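Listing of final.tsv; format and content: TSV, C-alpha atoms and all ligand atoms.
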chain	number	residue	atom	x	y	z
A	1	MET	CA	150.62	239.28	169.11
A	2	LYS	CA	152.06	236.35	167.17
A	3	LEU	CA	155.79	235.58	167.18
A	4	PHE	CA	157.90	234.61	164.18
A	5	ILE	CA	161.59	233.75	164.36
A	6	ASP	CA	163.99	235.93	162.38
A	7	THR	CA	166.72	233.53	161.25
A	8	ALA	CA	167.72	231.08	158.55
A	9	ASN	CA	169.44	228.76	161.03
A	10	VAL	CA	167.48	225.50	161.11
A	11	GLU	CA	168.80	224.47	164.54
A	12	GLU	CA	167.51	227.72	166.06
A	13	ILE	CA	164.21	227.30	164.23
A	14	LYS	CA	163.83	223.73	165.57
A	15	LYS	CA	164.58	224.83	169.15
A	16	ALA	CA	162.07	227.72	169.03
A	17	ASN	CA	159.47	225.52	167.33
A	18	ASP	CA	159.89	222.81	170.00
A	19	MET	CA	159.06	225.42	172.67
A	20	GLY	CA	155.79	226.11	170.84
A	21	ILE	CA	156.36	229.85	170.80
A	22	ILE	CA	156.68	230.64	167.09
A	23	CYS	CA	154.24	230.27	164.22
A	24	GLY	CA	156.32	231.65	161.33
A	25	VAL	CA	159.83	232.39	160.07
A	26	THR	CA	161.42	235.36	158.33
A	27	THR	CA	164.68	235.20	156.42
A	28	ASN	CA	166.58	237.76	154.39
A	29	PRO	CA	169.64	237.51	152.09
A	30	SER	CA	172.05	238.40	154.93
A	31	LEU	CA	170.60	235.70	157.22
A	32	ILE	CA	170.76	233.14	154.39
A	33	ALA	CA	174.40	234.13	153.63
A	34	LYS	CA	175.38	233.47	157.28
A	35	GLU	CA	174.41	229.80	156.88
A	36	GLY	CA	176.78	229.14	153.95
A	37	ARG	CA	174.20	226.86	152.30
A	38	LYS	CA	172.07	226.98	149.17
A	39	PHE	CA	169.05	229.29	149.48
A	40	GLU	CA	166.45	226.86	148.16
A	41	GLU	CA	167.79	223.99	150.26
A	42	VAL	CA	167.52	226.06	153.48
A	43	VAL	CA	164.03	227.33	152.66
A	44	ARG	CA	162.84	223.80	151.84
A	45	GLU	CA	164.18	222.52	155.16
A	46	ILE	CA	162.46	225.32	157.08
A	47	THR	CA	159.12	224.39	155.50
A	48	GLN	CA	159.54	220.90	156.99
A	49	ILE	CA	159.99	222.32	160.51
A	50	VAL	CA	157.43	225.12	160.85
A	51	ASP	CA	153.86	224.90	159.61
A	52	GLY	CA	153.29	228.61	159.12
A	53	PRO	CA	154.30	231.61	156.97
A	54	ILE	CA	157.95	231.47	155.87
A	55	SER	CA	159.33	234.61	154.24
A	56	ALA	CA	161.91	234.19	151.47
A	57	GLU	CA	163.28	237.35	149.84
A	58	VAL	CA	163.79	238.13	146.16
A	59	ILE	CA	167.02	239.68	144.89
A	60	SER	CA	165.87	241.33	141.64
A	61	LEU	CA	165.31	245.06	141.63
A	62	ASP	CA	162.90	245.18	138.68
A	63	SER	CA	159.30	244.01	139.00
A	64	GLU	CA	159.53	241.41	136.20
A	65	GLY	CA	162.56	239.81	137.85
A	66	MET	CA	160.89	239.89	141.27
A	67	ILE	CA	157.78	238.22	139.88
A	68	ARG	CA	159.87	235.54	138.13
A	69	GLU	CA	161.74	234.75	141.35
A	70	ALA	CA	158.52	234.86	143.37
A	71	VAL	CA	156.75	232.34	141.15
A	72	GLU	CA	159.67	229.89	141.54
A	73	LEU	CA	159.91	230.39	145.32
A	74	ALA	CA	156.15	229.97	145.72
A	75	LYS	CA	156.43	226.52	144.09
A	76	ILE	CA	158.62	225.29	146.98
A	77	HIS	CA	155.75	225.16	149.49
A	78	LYS	CA	152.28	226.62	150.07
A	79	ASN	CA	153.56	228.47	153.18
A	80	ILE	CA	156.18	230.52	151.34
A	81	ILE	CA	155.68	234.28	151.60
A	82	ILE	CA	157.57	236.39	149.06
A	83	LYS	CA	159.58	239.15	150.67
A	84	ILE	CA	159.75	242.18	148.42
A	85	PRO	CA	161.73	245.37	149.07
A	86	MET	CA	159.74	248.59	149.51
A	87	THR	CA	160.37	250.29	146.16
A	88	ALA	CA	158.12	251.43	143.30
A	89	GLU	CA	159.16	248.28	141.36
A	90	GLY	CA	158.45	246.23	144.47
A	91	LEU	CA	154.93	247.64	144.70
A	92	LYS	CA	154.28	246.73	141.05
A	93	ALA	CA	155.38	243.17	141.79
A	94	VAL	CA	153.17	243.01	144.91
A	95	LYS	CA	150.14	244.10	142.89
A	96	VAL	CA	150.67	241.33	140.32
A	97	LEU	CA	151.51	238.65	142.89
A	98	SER	CA	148.50	239.47	145.07
A	99	SER	CA	146.22	239.17	142.01
A	100	GLU	CA	147.72	235.68	141.54
A	101	ASN	CA	147.11	234.83	145.22
A	102	ILE	CA	150.82	234.75	146.02
A	103	LYS	CA	151.35	236.22	149.48
A	104	THR	CA	153.92	238.96	150.05
A	105	ASN	CA	155.83	240.60	152.89
A	106	VAL	CA	157.01	244.11	151.99
A	107	THR	CA	160.30	244.67	153.76
A	108	LEU	CA	162.65	247.56	154.57
A	109	ILE	CA	159.80	249.84	155.65
A	110	PHE	CA	160.95	252.94	157.50
A	111	SER	CA	157.92	255.26	157.29
A	112	ALA	CA	154.16	255.04	157.78
A	113	GLY	CA	153.65	256.27	154.21
A	114	GLN	CA	155.65	253.31	152.88
A	115	ALA	CA	153.53	250.93	154.97
A	116	LEU	CA	150.31	252.45	153.63
A	117	LEU	CA	151.48	252.12	150.02
A	118	ALA	CA	152.55	248.50	150.56
A	119	ALA	CA	149.16	247.67	152.07
A	120	ARG	CA	147.29	249.36	149.24
A	121	ALA	CA	149.36	247.45	146.66
A	122	GLY	CA	148.08	244.25	148.27
A	123	ALA	CA	150.84	243.19	150.68
A	124	THR	CA	149.84	240.39	153.04
A	125	TYR	CA	152.43	241.64	155.55
A	126	VAL	CA	154.39	244.87	155.99
A	127	SER	CA	157.72	244.84	157.86
A	128	PRO	CA	158.77	248.11	159.54
A	129	PHE	CA	162.33	247.89	160.94
A	130	VAL	CA	162.52	249.00	164.57
A	131	GLY	CA	166.19	248.45	165.47
A	132	ARG	CA	167.67	250.04	162.36
A	133	LEU	CA	165.66	253.22	163.09
A	134	ASP	CA	166.75	253.21	166.74
A	135	ASP	CA	170.34	252.90	165.45
A	136	ILE	CA	170.02	256.30	163.75
A	137	SER	CA	168.41	257.93	166.81
A	138	THR	CA	164.85	257.69	165.47
A	139	ASP	CA	162.17	256.01	167.58
A	140	GLY	CA	161.43	252.72	165.78
A	141	MET	CA	158.57	251.83	168.10
A	142	GLU	CA	156.87	255.14	167.34
A	143	LEU	CA	156.74	254.02	163.69
A	144	ILE	CA	155.05	250.74	164.68
A	145	SER	CA	152.53	252.72	166.72
A	146	GLU	CA	151.75	255.06	163.79
A	147	ILE	CA	151.22	252.14	161.40
A	148	VAL	CA	149.01	250.28	163.91
A	149	ASP	CA	146.84	253.40	164.31
A	150	ILE	CA	146.54	253.98	160.56
A	151	PHE	CA	145.74	250.35	159.75
A	152	ASN	CA	143.17	250.14	162.56
A	153	TYR	CA	141.54	253.47	161.64
A	154	HIS	CA	141.15	252.47	158.00
A	155	ASN	CA	140.43	248.80	158.62
A	156	ILE	CA	143.45	247.74	156.56
A	157	LYS	CA	143.89	243.97	156.52
A	158	SER	CA	147.67	243.71	155.91
A	159	GLU	CA	149.40	242.40	159.03
A	160	ILE	CA	152.21	244.40	160.61
A	161	ILE	CA	155.43	242.54	161.44
A	162	ALA	CA	157.72	244.42	163.83
A	163	ALA	CA	161.14	243.55	162.37
A	164	SER	CA	164.75	244.36	163.25
A	165	ILE	CA	164.04	243.46	166.88
A	166	ARG	CA	167.05	243.88	169.13
A	167	HIS	CA	165.91	243.09	172.69
A	168	PRO	CA	162.96	241.77	174.75
A	169	MET	CA	161.55	245.26	175.42
A	170	HIS	CA	161.03	245.76	171.68
A	171	VAL	CA	158.80	242.66	171.71
A	172	THR	CA	156.65	243.63	174.68
A	173	GLN	CA	156.35	247.24	173.48
A	174	ALA	CA	155.19	246.06	170.04
A	175	ALA	CA	152.65	243.73	171.69
A	176	ARG	CA	151.37	246.51	173.93
A	177	ILE	CA	150.62	248.87	171.07
A	178	GLY	CA	148.73	246.22	169.12
A	179	CYS	CA	151.24	245.11	166.50
A	180	HIS	CA	150.09	241.84	164.92
A	181	ILE	CA	153.44	240.02	164.77
A	182	ALA	CA	157.04	240.46	165.91
A	183	THR	CA	159.82	238.58	164.15
A	184	VAL	CA	162.42	237.89	166.79
A	185	PRO	CA	166.03	236.61	166.65
A	186	TYR	CA	166.60	233.35	168.59
A	187	LYS	CA	168.89	235.11	171.07
A	188	VAL	CA	166.10	237.53	172.03
A	189	LEU	CA	163.56	234.68	172.39
A	190	VAL	CA	165.95	233.00	174.83
A	191	GLN	CA	166.46	236.28	176.73
A	192	MET	CA	162.66	236.49	177.05
A	193	THR	CA	162.51	233.11	178.82
A	194	LYS	CA	164.74	234.33	181.62
A	195	HIS	CA	164.16	236.20	184.87
A	196	PRO	CA	166.51	236.16	187.90
A	197	LEU	CA	163.54	235.67	190.26
A	198	THR	CA	162.51	232.55	188.30
A	199	ASP	CA	166.02	231.10	188.78
A	200	ARG	CA	166.06	232.09	192.45
A	201	GLY	CA	162.57	230.61	192.94
A	202	ILE	CA	163.57	227.25	191.42
A	203	GLU	CA	166.71	227.17	193.55
A	204	GLN	CA	164.70	227.81	196.72
A	205	PHE	CA	162.00	225.22	195.82
A	206	LEU	CA	164.67	222.55	195.25
A	207	LYS	CA	166.43	223.46	198.51
A	208	ASP	CA	163.15	223.26	200.48
A	209	TRP	CA	162.22	219.99	198.71
A	210	GLU	CA	165.34	218.37	200.19
A	211	THR	CA	163.82	218.86	203.69
A	212	VAL	CA	160.56	217.04	202.79
A	213	PRO	CA	160.49	213.53	204.38
A	214	LYS	CA	160.77	211.01	201.54
A	215	ASN	CA	159.51	207.80	203.25
A	301	LIG	C1	163.13	240.70	158.97
A	301	LIG	O1	162.16	240.63	158.24
A	301	LIG	C2	164.25	241.63	158.72
A	301	LIG	O2	164.93	241.28	157.55
A	301	LIG	C3	165.18	241.61	159.91
A	301	LIG	O3	164.39	241.69	161.08
A	301	LIG	C4	166.22	242.70	159.88
A	301	LIG	O4	166.89	242.74	161.11
A	301	LIG	P1	168.28	243.52	161.32
A	301	LIG	O5	168.01	244.98	161.25
A	301	LIG	O6	168.72	243.09	162.70
A	301	LIG	O7	169.21	243.04	160.24

Same coordinates, now as structure tokens:
Amino acid sequence: MKLFIDTANVEEIKKANDMGIICGVTTNPSLIAKEGRKFEEVVREITQIVDGPISAEVISLDSEGMIREAVELAKIHKNIIIKIPMTAEGLKAVKVLSSENIKTNVTLIFSAGQALLAARAGATYVSPFVGRLDDISTDGMELISEIVDIFNYHNIKSEIIAASIRHPMHVTQAARIGCHIATVPYKVLVQMTKHPLTDRGIEQFLKDWETVPKN
């Protein structure tokens, strides 16, 4: 399973990229708003850090508006993926954009039926939200599992991005059931690097090293 980082913060993106663990970035309007900077400026900067798919989301609700925004965003860099909300208008936009070879990531997916429609419309990626389903006492990982099964069974090429990831277990569970990608907040990536036995092991190795004759 590939890992993307789910943030618009360029410092976090640099740190994750330097560790060699991510190969893409997802943003959304809320993540962009947190940075207090111009959308296009942030997206441009991200393209200079990560050489991989970078999702930038449209704001329009009608397909014509979405397509207009998408065409402008796609001009920023060849790696830009247009994030489109999962609506009937969104699907219309995805169909047009895919026929123009502009890649899309259909977002805010909360059912397997929505994922199937997005794939059939021509989405490059579909983004089911795990954490937001868990928040309303619905098993988000079960949705990932359903979509993985359906896409495998029908040989559907759209890649599944497990989104709205809240903790390390979400990542390993998504990997275990064959999800293609997880987009992970920086905080969770850092949590994944840690284990108390690793810290204890390093401490012990350094302590023992002090007893090794040096000359
Ligand atoms: C990524 O594509 C999504 O926009 C993001 O993962 C949503 O995460 P949240 O539910 O934590 O806001």

Collect all residues with atoms no farther than 10 Å from ligand LIG 301 (chain A), counting all atoms listed in the file, and output them as a PyMOL selection string. chain A and resi 4-7+25-31+55-57+83+85+105-109+126-135+161-166+182-185

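Note that atom CA of A:Leu143 and atom CA of A:Ala121 are 19.7 Å apart.
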
What gap, in Å, lies between atom CA of A:Leu206 and atom CA of A:Lys15? 26.2 Å

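Atom to atom, atom CA of A:Ile181 and atom CA of A:Ser99 stand 23.9 Å apart.
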
Residues at most 12 Å from A:Glu69, counting all atoms listed in the file, excluding those fewer than 2 positions away in the same chain, as JSON, numbers by chain? {"A": [40, 56, 57, 58, 59, 60, 61, 62, 63, 64, 65, 66, 67, 71, 72, 73, 74, 75, 76, 81, 82, 83, 84, 93, 97, 102]}

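Residue nearest A:Thr193 within the list A:Met19, A:Leu3, A:Met141, A:Ile13: A:Met19 [criterion: smallest interatomic distance, only C-alpha atoms].
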
Nearest to A:Thr172, restricted to all atoms listed in the file and choosing among A:Gly52, A:Met192, A:Val212, A:Asn155, comes out as A:Met192

For stretch 137-154 of chain A, where the input has fewer atoms than it should, I would like N, CA and C atoms rebuilt and written as a compact mmCIF listing (two decimals), keeping the file's coordinate frame.
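Resulting contents of out_0.txt:
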# COMPACT_ATOMS: atom_id res chain seq x y z
N SER A 137 169.04 257.00 165.85
CA SER A 137 168.41 257.93 166.81
C SER A 137 167.01 258.37 166.40
N THR A 138 166.27 257.44 165.80
CA THR A 138 164.85 257.69 165.47
C THR A 138 164.05 256.59 166.16
N ASP A 139 162.91 256.97 166.78
CA ASP A 139 162.17 256.01 167.58
C ASP A 139 161.44 254.98 166.71
N GLY A 140 162.01 253.78 166.62
CA GLY A 140 161.43 252.72 165.78
C GLY A 140 160.06 252.30 166.25
N MET A 141 159.86 252.28 167.58
CA MET A 141 158.57 251.83 168.10
C MET A 141 157.46 252.83 167.80
N GLU A 142 157.84 254.11 167.70
CA GLU A 142 156.87 255.14 167.34
C GLU A 142 156.32 254.86 165.93
N LEU A 143 157.19 254.38 165.05
CA LEU A 143 156.74 254.02 163.69
C LEU A 143 155.72 252.88 163.75
N ILE A 144 156.00 251.86 164.56
CA ILE A 144 155.05 250.74 164.68
C ILE A 144 153.70 251.29 165.16
N SER A 145 153.76 252.15 166.15
CA SER A 145 152.53 252.72 166.72
C SER A 145 151.73 253.49 165.66
N GLU A 146 152.43 254.30 164.86
CA GLU A 146 151.75 255.06 163.79
C GLU A 146 151.06 254.12 162.80
N ILE A 147 151.78 253.06 162.41
CA ILE A 147 151.22 252.14 161.40
C ILE A 147 150.02 251.38 161.99
N VAL A 148 150.14 250.97 163.25
CA VAL A 148 149.01 250.28 163.91
C VAL A 148 147.79 251.19 163.90
N ASP A 149 147.97 252.45 164.27
CA ASP A 149 146.84 253.40 164.31
C ASP A 149 146.21 253.56 162.93
N ILE A 150 147.05 253.76 161.92
CA ILE A 150 146.54 253.98 160.56
C ILE A 150 145.79 252.74 160.05
N PHE A 151 146.37 251.57 160.25
CA PHE A 151 145.74 250.35 159.75
C PHE A 151 144.42 250.08 160.50
N ASN A 152 144.41 250.34 161.80
CA ASN A 152 143.17 250.14 162.56
C ASN A 152 142.10 251.13 162.12
N TYR A 153 142.49 252.40 161.99
CA TYR A 153 141.54 253.47 161.64
C TYR A 153 140.88 253.20 160.31
N HIS A 154 141.67 252.68 159.35
CA HIS A 154 141.15 252.47 158.00
C HIS A 154 140.81 251.02 157.70
